[in-house]
>>> print(open('input.pdb').read())   # PDB, C-alpha atoms
ATOM      1  CA  MET Z   1      -4.043  87.756 -37.121  1.00  0.00           C
ATOM      2  CA  PHE Z   2      -2.208  88.079 -33.814  1.00  0.00           C
ATOM      3  CA  GLY Z   3      -4.857  86.087 -32.037  1.00  0.00           C
ATOM      4  CA  GLY Z   4      -4.790  83.467 -34.776  1.00  0.00           C
ATOM      5  CA  LEU Z   5      -1.071  82.936 -34.232  1.00  0.00           C
ATOM      6  CA  ARG Z   6      -1.490  81.995 -30.532  1.00  0.00           C
ATOM      7  CA  ALA Z   7      -4.121  79.267 -30.907  1.00  0.00           C
ATOM      8  CA  PRO Z   8      -1.786  76.614 -32.378  1.00  0.00           C
ATOM      9  CA  ALA Z   9       0.674  77.220 -29.542  1.00  0.00           C
ATOM     10  CA  ARG Z  10      -1.980  76.340 -26.971  1.00  0.00           C
ATOM     11  CA  ARG Z  11      -2.805  73.086 -28.825  1.00  0.00           C
ATOM     12  CA  ARG Z  12       0.857  72.167 -28.889  1.00  0.00           C
ATOM     13  CA  GLU Z  13       1.130  72.847 -25.195  1.00  0.00           C
ATOM     14  CA  ARG Z  14      -1.950  70.700 -24.484  1.00  0.00           C
ATOM     15  CA  ASP Z  15      -0.706  67.897 -26.718  1.00  0.00           C
ATOM     16  CA  GLU Z  16       2.712  67.994 -25.089  1.00  0.00           C
ATOM     17  CA  ALA Z  17       1.105  67.933 -21.653  1.00  0.00           C
ATOM     18  CA  GLU Z  18      -0.987  64.884 -22.563  1.00  0.00           C
ATOM     19  CA  LYS Z  19       1.780  62.882 -24.217  1.00  0.00           C
ATOM     20  CA  PRO Z  20       3.658  61.908 -21.002  1.00  0.00           C
ATOM     21  CA  PHE Z  21       0.433  60.499 -19.483  1.00  0.00           C
ATOM     22  CA  TRP Z  22      -0.346  58.253 -22.442  1.00  0.00           C
ATOM     23  CA  ILE Z  23       3.247  57.101 -22.667  1.00  0.00           C
ATOM     24  CA  SER Z  24       3.215  56.172 -18.955  1.00  0.00           C
ATOM     25  CA  PHE Z  25      -0.069  54.291 -19.309  1.00  0.00           C
ATOM     26  CA  SER Z  26       1.305  52.319 -22.241  1.00  0.00           C
ATOM     27  CA  ASP Z  27       4.422  51.469 -20.278  1.00  0.00           C
ATOM     28  CA  LEU Z  28       2.255  50.404 -17.342  1.00  0.00           C
ATOM     29  CA  MET Z  29       0.225  48.036 -19.515  1.00  0.00           C
ATOM     30  CA  THR Z  30       3.413  46.597 -20.947  1.00  0.00           C
ATOM     31  CA  SER Z  31       4.845  46.119 -17.456  1.00  0.00           C
ATOM     32  CA  LEU Z  32       1.663  44.428 -16.271  1.00  0.00           C
ATOM     33  CA  MET Z  33       1.754  42.092 -19.253  1.00  0.00           C
ATOM     34  CA  VAL Z  34       5.382  41.211 -18.503  1.00  0.00           C
ATOM     35  CA  LEU Z  35       4.556  40.590 -14.842  1.00  0.00           C
ATOM     36  CA  PHE Z  36       1.613  38.407 -15.846  1.00  0.00           C
ATOM     37  CA  MET Z  37       3.808  36.353 -18.158  1.00  0.00           C
ATOM     38  CA  VAL Z  38       6.462  35.993 -15.450  1.00  0.00           C
ATOM     39  CA  ALA Z  39       3.827  34.912 -12.916  1.00  0.00           C
ATOM     40  CA  MET Z  40       2.414  32.367 -15.365  1.00  0.00           C
ATOM     41  CA  ALA Z  41       5.882  31.019 -16.086  1.00  0.00           C
ATOM     42  CA  VAL Z  42       6.622  30.651 -12.365  1.00  0.00           C
ATOM     43  CA  ALA Z  43       3.252  28.941 -11.772  1.00  0.00           C
ATOM     44  CA  LEU Z  44       3.784  26.539 -14.684  1.00  0.00           C
ATOM     45  CA  PHE Z  45       7.298  25.764 -13.474  1.00  0.00           C
ATOM     46  CA  SER Z  46       6.018  25.079  -9.964  1.00  0.00           C
ATOM     47  CA  ILE Z  47       3.252  22.812 -11.267  1.00  0.00           C
ATOM     48  CA  THR Z  48       5.636  20.985 -13.585  1.00  0.00           C
ATOM     49  CA  ARG Z  49       8.171  20.510 -10.806  1.00  0.00           C
ATOM     50  CA  GLY Z  50       5.419  19.208  -8.478  1.00  0.00           C
ATOM     51  CA  VAL Z  51       4.176  16.751 -11.092  1.00  0.00           C
ATOM     52  CA  SER Z  52       7.730  15.594 -11.777  1.00  0.00           C
ATOM     53  CA  ARG Z  53       8.334  15.081  -8.055  1.00  0.00           C
ATOM     54  CA  ILE Z  54       5.122  13.069  -7.674  1.00  0.00           C
ATOM     55  CA  GLU Z  55       5.976  10.936 -10.698  1.00  0.00           C
ATOM     56  CA  ALA Z  56       9.502  10.372  -9.364  1.00  0.00           C
ATOM     57  CA  GLU Z  57       8.160   9.326  -5.955  1.00  0.00           C
ATOM     58  CA  LYS Z  58       5.648   6.982  -7.567  1.00  0.00           C
ATOM     59  CA  ALA Z  59       8.360   5.453  -9.759  1.00  0.00           C
ATOM     60  CA  ALA Z  60      10.606   4.975  -6.714  1.00  0.00           C
ATOM     61  CA  ARG Z  61       7.738   3.322  -4.830  1.00  0.00           C
ATOM     62  CA  ASP Z  62       6.931   0.987  -7.726  1.00  0.00           C
ATOM     63  CA  GLU Z  63      10.573  -0.028  -8.000  1.00  0.00           C
ATOM     64  CA  ALA Z  64      10.813  -0.634  -4.246  1.00  0.00           C
ATOM     65  CA  LEU Z  65       7.651  -2.779  -4.319  1.00  0.00           C
ATOM     66  CA  ARG Z  66       8.998  -4.850  -7.219  1.00  0.00           C
ATOM     67  CA  ALA Z  67      12.244  -5.395  -5.329  1.00  0.00           C
ATOM     68  CA  CYS Z  68      10.310  -6.291  -2.172  1.00  0.00           C
ATOM     69  CA  MET Z  69       8.116  -8.878  -3.863  1.00  0.00           C
ATOM     70  CA  GLY Z  70      11.234 -10.159  -5.617  1.00  0.00           C
ATOM     71  CA  GLU Z  71      12.720 -10.944  -2.206  1.00  0.00           C
ATOM     72  CA  PHE Z  72       9.555 -12.820  -1.242  1.00  0.00           C
ATOM     73  CA  ALA Z  73       9.712 -14.734  -4.535  1.00  0.00           C
ATOM     74  CA  ALA Z  74      13.353 -15.655  -3.880  1.00  0.00           C
ATOM     75  CA  LEU Z  75      12.327 -16.890  -0.434  1.00  0.00           C
ATOM     76  CA  ALA Z  76       9.520 -19.029  -1.861  1.00  0.00           C
ATOM     77  CA  ALA Z  77      11.934 -20.506  -4.427  1.00  0.00           C
ATOM     78  CA  ARG Z  78      14.174 -22.019  -1.758  1.00  0.00           C
ATOM     79  CA  PRO Z  79      14.106 -25.850  -1.823  1.00  0.00           C
ATOM     80  CA  GLU Z  80      12.844 -26.182   1.747  1.00  0.00           C
ATOM     81  CA  PHE Z  81       9.799 -24.071   0.857  1.00  0.00           C
ATOM     82  CA  GLN Z  82       8.896 -25.824  -2.374  1.00  0.00           C
ATOM     83  CA  GLY Z  83       5.175 -25.481  -3.088  1.00  0.00           C
ATOM     84  CA  VAL Z  84       4.881 -21.864  -1.949  1.00  0.00           C
ATOM     85  CA  ALA Z  85       4.209 -19.323  -4.706  1.00  0.00           C
ATOM     86  CA  VAL Z  86       4.224 -15.528  -4.982  1.00  0.00           C
ATOM     87  CA  ARG Z  87       1.655 -13.960  -7.305  1.00  0.00           C
ATOM     88  CA  GLY Z  88       1.306 -10.213  -7.446  1.00  0.00           C
ATOM     89  CA  HIS Z  89       1.416  -9.019  -3.858  1.00  0.00           C
ATOM     90  CA  SER Z  90       0.187 -12.319  -2.418  1.00  0.00           C
ATOM     91  CA  ILE Z  91       1.965 -15.357  -1.003  1.00  0.00           C
ATOM     92  CA  GLU Z  92       0.153 -18.645  -1.616  1.00  0.00           C
ATOM     93  CA  PHE Z  93       0.997 -21.623   0.585  1.00  0.00           C
ATOM     94  CA  GLY Z  94      -0.198 -24.268  -1.850  1.00  0.00           C
ATOM     95  CA  ARG Z  95      -0.829 -27.698  -0.325  1.00  0.00           C
ATOM     96  CA  TYR Z  96       0.500 -26.543   3.062  1.00  0.00           C
ATOM     97  CA  ALA Z  97      -2.621 -24.456   3.718  1.00  0.00           C
ATOM     98  CA  GLU Z  98      -5.381 -26.377   1.946  1.00  0.00           C
ATOM     99  CA  TYR Z  99      -8.369 -27.361   4.039  1.00  0.00           C
ATOM    100  CA  GLN Z 100     -10.806 -30.225   3.988  1.00  0.00           C
ATOM    101  CA  ARG Z 101     -14.383 -29.592   2.942  1.00  0.00           C
ATOM    102  CA  ARG Z 102     -16.367 -27.602   5.536  1.00  0.00           C
ATOM    103  CA  ALA Z 103     -13.353 -27.635   7.896  1.00  0.00           C
ATOM    104  CA  HIS Z 104     -10.848 -25.144   9.257  1.00  0.00           C
ATOM    105  CA  GLU Z 105      -8.348 -27.514  10.906  1.00  0.00           C
ATOM    106  CA  LEU Z 106      -4.797 -27.928   9.619  1.00  0.00           C
ATOM    107  CA  PRO Z 107      -2.707 -31.090  10.013  1.00  0.00           C
ATOM    108  CA  ALA Z 108       0.102 -30.841  12.549  1.00  0.00           C
ATOM    109  CA  GLU Z 109       2.773 -31.167   9.827  1.00  0.00           C
ATOM    110  CA  ASN Z 110       1.259 -28.253   7.887  1.00  0.00           C
ATOM    111  CA  GLN Z 111       1.214 -26.103  11.004  1.00  0.00           C
ATOM    112  CA  ALA Z 112       4.859 -26.976  11.613  1.00  0.00           C
ATOM    113  CA  PHE Z 113       5.720 -25.928   8.049  1.00  0.00           C
ATOM    114  CA  LEU Z 114       3.967 -22.589   8.500  1.00  0.00           C
ATOM    115  CA  ARG Z 115       5.917 -21.981  11.705  1.00  0.00           C
ATOM    116  CA  ARG Z 116       9.137 -22.579   9.761  1.00  0.00           C
ATOM    117  CA  PHE Z 117       8.200 -20.461   6.754  1.00  0.00           C
ATOM    118  CA  VAL Z 118       6.438 -17.405   8.209  1.00  0.00           C
ATOM    119  CA  PRO Z 119       9.411 -16.192  10.347  1.00  0.00           C
ATOM    120  CA  SER Z 120      11.400 -15.894   7.107  1.00  0.00           C
ATOM    121  CA  VAL Z 121       8.523 -13.870   5.655  1.00  0.00           C
ATOM    122  CA  LEU Z 122       8.666 -11.567   8.662  1.00  0.00           C
ATOM    123  CA  THR Z 123      12.419 -11.098   8.214  1.00  0.00           C
ATOM    124  CA  VAL Z 124      11.877  -9.897   4.647  1.00  0.00           C
ATOM    125  CA  ALA Z 125       8.882  -7.773   5.672  1.00  0.00           C
ATOM    126  CA  ARG Z 126      10.939  -5.937   8.285  1.00  0.00           C
ATOM    127  CA  GLY Z 127      13.997  -5.587   6.042  1.00  0.00           C
ATOM    128  CA  PRO Z 128      15.284  -2.385   4.439  1.00  0.00           C
ATOM    129  CA  THR Z 129      13.565  -3.061   1.114  1.00  0.00           C
ATOM    130  CA  CYS Z 130      10.027  -3.875   2.257  1.00  0.00           C
ATOM    131  CA  GLY Z 131       9.926  -2.292   5.700  1.00  0.00           C
ATOM    132  CA  PRO Z 132       9.670   1.375   4.654  1.00  0.00           C
ATOM    133  CA  TRP Z 133       6.634   0.667   2.442  1.00  0.00           C
ATOM    134  CA  LEU Z 134       4.825  -2.234   4.107  1.00  0.00           C
ATOM    135  CA  LYS Z 135       1.586  -1.130   5.750  1.00  0.00           C
ATOM    136  CA  ARG Z 136       0.091  -4.428   6.919  1.00  0.00           C
ATOM    137  CA  ILE Z 137      -0.127  -8.116   6.033  1.00  0.00           C
ATOM    138  CA  GLY Z 138      -3.573  -9.441   5.280  1.00  0.00           C
ATOM    139  CA  VAL Z 139      -4.444 -13.068   6.090  1.00  0.00           C
ATOM    140  CA  GLU Z 140      -7.178 -13.958   3.624  1.00  0.00           C
ATOM    141  CA  GLY Z 141      -9.188 -17.138   3.847  1.00  0.00           C
ATOM    142  CA  PHE Z 142     -11.056 -18.674   0.915  1.00  0.00           C
ATOM    143  CA  SER Z 143     -13.563 -21.446   0.370  1.00  0.00           C
ATOM    144  CA  SER Z 144     -14.951 -23.489  -2.500  1.00  0.00           C
ATOM    145  CA  GLN Z 145     -18.439 -22.927  -3.900  1.00  0.00           C
ATOM    146  CA  GLU Z 146     -19.844 -25.830  -1.913  1.00  0.00           C
ATOM    147  CA  GLY Z 147     -22.259 -24.399   0.647  1.00  0.00           C
ATOM    148  CA  SER Z 148     -24.035 -21.100   1.227  1.00  0.00           C
ATOM    149  CA  TYR Z 149     -22.388 -17.718   0.965  1.00  0.00           C
ATOM    150  CA  LEU Z 150     -22.667 -16.771   4.651  1.00  0.00           C
ATOM    151  CA  PHE Z 151     -21.519 -20.203   5.817  1.00  0.00           C
ATOM    152  CA  ASN Z 152     -18.464 -20.010   3.573  1.00  0.00           C
ATOM    153  CA  LEU Z 153     -17.772 -16.428   4.633  1.00  0.00           C
ATOM    154  CA  ASN Z 154     -17.574 -17.516   8.256  1.00  0.00           C
ATOM    155  CA  LEU Z 155     -15.563 -20.610   7.307  1.00  0.00           C
ATOM    156  CA  SER Z 156     -13.072 -18.471   5.383  1.00  0.00           C
ATOM    157  CA  LEU Z 157     -12.599 -16.265   8.409  1.00  0.00           C
ATOM    158  CA  GLN Z 158     -12.051 -19.316  10.619  1.00  0.00           C
ATOM    159  CA  ARG Z 159      -9.413 -20.619   8.215  1.00  0.00           C
ATOM    160  CA  SER Z 160      -7.559 -17.311   8.457  1.00  0.00           C
ATOM    161  CA  GLN Z 161      -7.808 -17.422  12.225  1.00  0.00           C
ATOM    162  CA  ARG Z 162      -6.471 -20.974  12.221  1.00  0.00           C
ATOM    163  CA  LEU Z 163      -3.234 -19.723  10.695  1.00  0.00           C
ATOM    164  CA  LEU Z 164      -2.786 -17.217  13.500  1.00  0.00           C
ATOM    165  CA  CYS Z 165      -3.554 -19.900  16.072  1.00  0.00           C
ATOM    166  CA  ALA Z 166      -0.735 -21.999  14.623  1.00  0.00           C
ATOM    167  CA  LEU Z 167       1.700 -19.080  14.558  1.00  0.00           C
ATOM    168  CA  LEU Z 168       0.915 -17.710  18.017  1.00  0.00           C
ATOM    169  CA  ASP Z 169       0.840 -21.059  19.799  1.00  0.00           C
ATOM    170  CA  THR Z 170       3.649 -21.145  22.360  1.00  0.00           C
ATOM    171  CA  ARG Z 171       3.269 -24.825  23.280  1.00  0.00           C
ATOM    172  CA  PRO Z 172       5.105 -26.497  20.347  1.00  0.00           C
ATOM    173  CA  ALA Z 173       8.869 -26.840  20.512  1.00  0.00           C
ATOM    174  CA  ASP Z 174       9.169 -24.898  17.251  1.00  0.00           C
ATOM    175  CA  SER Z 175       7.012 -21.972  18.410  1.00  0.00           C
ATOM    176  CA  LEU Z 176       7.843 -18.514  17.082  1.00  0.00           C
ATOM    177  CA  SER Z 177       9.975 -16.072  19.035  1.00  0.00           C
ATOM    178  CA  GLU Z 178       8.264 -13.430  21.109  1.00  0.00           C
ATOM    179  CA  PRO Z 179       9.356 -10.565  18.786  1.00  0.00           C
ATOM    180  CA  ASP Z 180       7.816 -12.411  15.823  1.00  0.00           C
ATOM    181  CA  ARG Z 181       4.595 -13.068  17.712  1.00  0.00           C
ATOM    182  CA  ARG Z 182       4.391  -9.424  18.737  1.00  0.00           C
ATOM    183  CA  TYR Z 183       4.927  -8.323  15.123  1.00  0.00           C
ATOM    184  CA  ILE Z 184       2.195 -10.678  13.907  1.00  0.00           C
ATOM    185  CA  ARG Z 185      -0.291  -9.277  16.401  1.00  0.00           C
ATOM    186  CA  ARG Z 186       0.459  -5.721  15.368  1.00  0.00           C
ATOM    187  CA  THR Z 187       0.713  -6.227  11.599  1.00  0.00           C
ATOM    188  CA  PHE Z 188      -1.520  -9.109  10.513  1.00  0.00           C
ATOM    189  CA  LEU Z 189      -5.107  -8.319   9.566  1.00  0.00           C
ATOM    190  CA  VAL Z 190      -7.452 -11.305   9.387  1.00  0.00           C
ATOM    191  CA  GLY Z 191     -10.272 -11.534   6.855  1.00  0.00           C
ATOM    192  CA  GLY Z 192     -12.426 -13.987   4.907  1.00  0.00           C
ATOM    193  CA  VAL Z 193     -13.719 -13.568   1.367  1.00  0.00           C
ATOM    194  CA  SER Z 194     -16.032 -16.603   0.991  1.00  0.00           C
ATOM    195  CA  PHE Z 195     -15.832 -18.065  -2.533  1.00  0.00           C
ATOM    196  CA  ASN Z 196     -15.218 -14.794  -4.389  1.00  0.00           C
ATOM    197  CA  ALA Z 197     -11.838 -16.007  -5.663  1.00  0.00           C
ATOM    198  CA  SER Z 198     -12.358 -19.694  -6.342  1.00  0.00           C
ATOM    199  CA  LYS Z 199      -9.788 -21.723  -8.253  1.00  0.00           C
ATOM    200  CA  ASP Z 200     -10.218 -24.605 -10.701  1.00  0.00           C
ATOM    201  CA  ARG Z 201     -10.130 -27.304  -8.023  1.00  0.00           C
ATOM    202  CA  PRO Z 202     -12.276 -27.177  -4.869  1.00  0.00           C
ATOM    203  CA  GLU Z 203      -9.216 -28.291  -2.868  1.00  0.00           C
ATOM    204  CA  SER Z 204      -7.212 -25.307  -4.137  1.00  0.00           C
ATOM    205  CA  SER Z 205     -10.089 -22.952  -3.359  1.00  0.00           C
ATOM    206  CA  ARG Z 206     -10.147 -23.986   0.301  1.00  0.00           C
ATOM    207  CA  ARG Z 207      -6.981 -22.111   1.266  1.00  0.00           C
ATOM    208  CA  ILE Z 208      -5.385 -19.099   2.918  1.00  0.00           C
ATOM    209  CA  GLU Z 209      -2.994 -16.513   1.534  1.00  0.00           C
ATOM    210  CA  LEU Z 210      -0.847 -13.678   2.838  1.00  0.00           C
ATOM    211  CA  LYS Z 211      -1.443 -10.404   1.031  1.00  0.00           C
ATOM    212  CA  MET Z 212       1.118  -7.614   1.367  1.00  0.00           C
ATOM    213  CA  GLU Z 213      -0.454  -4.174   1.639  1.00  0.00           C
ATOM    214  CA  PHE Z 214       1.793  -1.190   0.973  1.00  0.00           C
ATOM    215  CA  ARG Z 215       1.301   2.482   1.664  1.00  0.00           C
ATOM    216  CA  GLY Z 216       0.912   4.907  -1.211  1.00  0.00           C
ATOM    217  CA  ALA Z 217       3.620   7.280  -2.367  1.00  0.00           C
ATOM    218  CA  ASP Z 218       1.721  10.170  -0.745  1.00  0.00           C
ATOM    219  CA  GLU Z 219       1.083   8.321   2.540  1.00  0.00           C
ATOM    220  CA  ARG Z 220       3.309   8.821   5.529  1.00  0.00           C
ATOM    221  CA  PRO Z 221       4.545   5.769   7.459  1.00  0.00           C
ATOM    222  CA  GLU Z 222       2.294   4.872  10.362  1.00  0.00           C
ATOM    223  CA  ALA Z 223       3.521   3.585  13.687  1.00  0.00           C
ATOM    224  CA  LEU Z 224       2.401   0.050  14.475  1.00  0.00           C
ATOM    225  CA  PRO Z 225      -0.429   0.000  17.025  1.00  0.00           C
ATOM    226  CA  GLU Z 226       0.276  -0.964  20.583  1.00  0.00           C
ATOM    227  CA  ILE Z 227      -1.678  -4.103  21.513  1.00  0.00           C
ATOM    228  CA  PRO Z 228      -1.951  -5.386  25.095  1.00  0.00           C
ATOM    229  CA  TRP Z 229       0.316  -8.414  25.470  1.00  0.00           C
ATOM    230  CA  ASP Z 230      -0.691 -11.774  26.874  1.00  0.00           C
ATOM    231  CA  GLU Z 231       0.637 -15.312  26.643  1.00  0.00           C
ATOM    232  CA  ASP Z 232      -2.728 -17.006  26.191  1.00  0.00           C
ATOM    233  CA  ALA Z 233      -2.018 -19.763  23.634  1.00  0.00           C
ATOM    234  CA  ARG Z 234      -5.519 -21.209  23.560  1.00  0.00           C
ATOM    235  CA  CYS Z 235      -7.164 -21.136  20.138  1.00  0.00           C
ATOM    236  CA  PRO Z 236     -10.892 -20.265  20.378  1.00  0.00           C
ATOM    237  CA  LEU Z 237     -11.542 -22.509  17.372  1.00  0.00           C
ATOM    238  CA  ASP Z 238     -10.656 -25.613  19.372  1.00  0.00           C
ATOM    239  CA  LYS Z 239     -13.558 -27.201  21.191  1.00  0.00           C
ATOM    240  CA  ASN Z 240     -11.375 -28.192  24.156  1.00  0.00           C
ATOM    241  CA  PRO Z 241      -8.512 -25.690  24.216  1.00  0.00           C
TER
END
>>> encode(input="input.pdb", output="structure tokens")
Amino acid sequence: MFGGLRAPARRRERDEAEKPFWISFSDLMTSLMVLFMVAMAVALFSITRGVSRIEAEKAARDEALRACMGEFAALAARPEFQGVAVRGHSIEFGRYAEYQRRAHELPAENQAFLRRFVPSVLTVARGPTCGPWLKRIGVEGFSSQEGSYLFNLNLSLQRSQRLLCALLDTRPADSLSEPDRRYIRRTFLVGGVSFNASKDRPESSRRIELKMEFRGADERPEALPEIPWDEDARCPLDKNP
């Protein structure tokens, strides 16, 4: 009987010795779960804050681009520039930059108009609204569907180049200032797109446009490239420059 009385005491001692271990393990699991939930909450907050920041930057960019193109539209609406139109991110010159069939020449009066209008475009482009976002200005030439694709592709490129010849020519009395000519060389990108964007009339299809290209919200501003300077005013499109 004496030995039978001691056995329960040993079980109680063993149970009491094991209880602190299981309690600590349970607390550890609870603590780990709490830490996991805290880590998840922090991660979700960080992701949400990042998404909100990206959306805010994109919204700010979109608003700045609308304001920028609004300034170009206000410029085109001035009486002295009647006939110019702004559509999307492009500036269309209308009758002032329409070409004859299979030709890339522009009448002298049209070239004079472009030399009056484009400096105002450059002023807006370099202003506080457009300047921080403007990446480059594309000069896009177009053609009608009369002729082969490759012929029109080359002709479209020549029409774009003709605009730059008119703007960079230093011989006319109304030639652009040197700062404007330097900016054009560093910012304008010339291209031709054949008849991929033809309009209803062949005359309207044979044209050039300025297309504003803006950097994305996640793109950093790039410094304008340095281009060797020269005062050569000869246009390579002219047979006898």
>>> resolve_selection(input="input.pdb", expression="the PyMOL selection byres ((chain Z and resi 107-117) around 12)", output="ChimeraX atom specification")
/Z:72,75-84,91-100,103-106,118-124,162-177,180-181,208-210
>>> residues_around(input="input.pdb", residues="Ala73 of chain Z", least_positions_apart="6", cutoff="10 Å", atoms="all atoms listed in the file", output="short mmCIF file (atom, residue, chain, number, x, y, z; two decimals) with C-alpha atoms, in the coordinates of the input")
data_model
loop_
_atom_site.label_atom_id
_atom_site.label_comp_id
_atom_site.auth_asym_id
_atom_site.auth_seq_id
_atom_site.Cartn_x
_atom_site.Cartn_y
_atom_site.Cartn_z
CA ALA Z 67 12.24 -5.40 -5.33
CA VAL Z 84 4.88 -21.86 -1.95
CA ALA Z 85 4.21 -19.32 -4.71
CA VAL Z 86 4.22 -15.53 -4.98
CA ARG Z 87 1.66 -13.96 -7.30
CA GLY Z 88 1.31 -10.21 -7.45
CA ILE Z 91 1.96 -15.36 -1.00
#
>>> residues_around(input="input.pdb", residues="Pro221 of chain Z", least_positions_apart="6", cutoff="10 Å", atoms="only C-alpha atoms", output="MDAnalysis selection string")
chainID Z and resid 131:135 214:215
>>> closest_residue(input="input.pdb", among="Z:Ile184, Z:Leu32, Z:Leu44, Z:Val38", to="Glu226 of chain Z", atoms="all atoms listed in the file")
Z:Ile184
>>> resolve_selection(input="input.pdb", expression="the PyMOL selection byres ((chain Z and resi 212) around 7)", output="ChimeraX atom specification")
/Z:89-90,136-138,210-211,213-214
>>> resolve_selection(input="input.pdb", expression="the PyMOL selection byres ((chain Z and resi 236) around 10)", output="JSON, numbers by chain")
{"Z": [158, 161, 162, 165, 233, 234, 235, 237, 238, 239, 240, 241]}
>>> closest_residue(input="input.pdb", among="Z:Leu189, Z:Ala223, Z:Cys130, Z:Val139", to="Ala64 of chain Z", atoms="all atoms listed in the file")
Z:Cys130
>>> atom_distance(input="input.pdb", atom1="atom CA of Glu219 of chain Z", atom2="atom CA of Thr48 of chain Z")
21.0 Å
>>> atom_distance(input="input.pdb", atom1="atom CA of Ser205 of chain Z", atom2="atom CA of Ser160 of chain Z")
13.3 Å
>>> closest_residue(input="input.pdb", among="Z:Asp218, Z:Gly147, Z:Arg159, Z:Arg185", to="Glu57 of chain Z", atoms="all atoms listed in the file")
Z:Asp218
>>> atom_distance(input="input.pdb", atom1="atom CA of Glu63 of chain Z", atom2="atom CA of Glu222 of chain Z")
20.7 Å
>>> closest_residue(input="input.pdb", among="Z:Arg101, Z:Leu155, Z:Met69, Z:Ser46", to="Glu140 of chain Z", atoms="all atoms listed in the file")
Z:Leu155
>>> axis_aligned_box(input="input.pdb", around="segment 170-188 of chain Z", padding_each_side="5 Å", output="AutoDock Vina command-line options")
--center_x 4.2 --center_y -16.3 --center_z 16.9 --size_x 21.5 --size_y 31.1 --size_z 22.8
>>> decode(input="input.pdb", residues="segment 106-135 of chain Z", atoms="C-alpha atoms", output="PDB file, in the first residue's frame")
ATOM      1  CA  LEU Z 106       7.178  73.879-100.291  1.00  0.00           C
ATOM      2  CA  PRO Z 107       6.215  77.307-101.650  1.00  0.00           C
ATOM      3  CA  ALA Z 108       8.222  80.203-100.247  1.00  0.00           C
ATOM      4  CA  GLU Z 109       5.151  81.655 -98.483  1.00  0.00           C
ATOM      5  CA  ASN Z 110       4.499  78.337 -96.721  1.00  0.00           C
ATOM      6  CA  GLN Z 111       8.102  78.153 -95.572  1.00  0.00           C
ATOM      7  CA  ALA Z 112       7.820  81.699 -94.244  1.00  0.00           C
ATOM      8  CA  PHE Z 113       4.683  80.736 -92.301  1.00  0.00           C
ATOM      9  CA  LEU Z 114       6.440  77.747 -90.748  1.00  0.00           C
ATOM     10  CA  ARG Z 115       9.321  79.980 -89.675  1.00  0.00           C
ATOM     11  CA  ARG Z 116       6.806  82.253 -87.940  1.00  0.00           C
ATOM     12  CA  PHE Z 117       4.813  79.476 -86.291  1.00  0.00           C
ATOM     13  CA  VAL Z 118       7.420  76.939 -85.140  1.00  0.00           C
ATOM     14  CA  PRO Z 119       9.335  79.341 -82.808  1.00  0.00           C
ATOM     15  CA  SER Z 120       6.085  79.767 -80.858  1.00  0.00           C
ATOM     16  CA  VAL Z 121       5.822  75.974 -80.681  1.00  0.00           C
ATOM     17  CA  LEU Z 122       9.341  75.827 -79.282  1.00  0.00           C
ATOM     18  CA  THR Z 123       8.479  78.435 -76.644  1.00  0.00           C
ATOM     19  CA  VAL Z 124       5.609  76.274 -75.398  1.00  0.00           C
ATOM     20  CA  ALA Z 125       7.714  73.105 -75.632  1.00  0.00           C
ATOM     21  CA  ARG Z 126      10.415  74.602 -73.420  1.00  0.00           C
ATOM     22  CA  GLY Z 127       7.945  76.161 -70.977  1.00  0.00           C
ATOM     23  CA  PRO Z 128       7.257  75.030 -67.410  1.00  0.00           C
ATOM     24  CA  THR Z 129       4.205  72.979 -68.381  1.00  0.00           C
ATOM     25  CA  CYS Z 130       5.574  70.936 -71.286  1.00  0.00           C
ATOM     26  CA  GLY Z 131       9.312  71.104 -70.676  1.00  0.00           C
ATOM     27  CA  PRO Z 132       9.535  68.673 -67.734  1.00  0.00           C
ATOM     28  CA  TRP Z 133       7.722  65.935 -69.689  1.00  0.00           C
ATOM     29  CA  LEU Z 134       8.645  66.514 -73.332  1.00  0.00           C
ATOM     30  CA  LYS Z 135      11.043  63.871 -74.626  1.00  0.00           C
TER      31      LYS Z 135
END
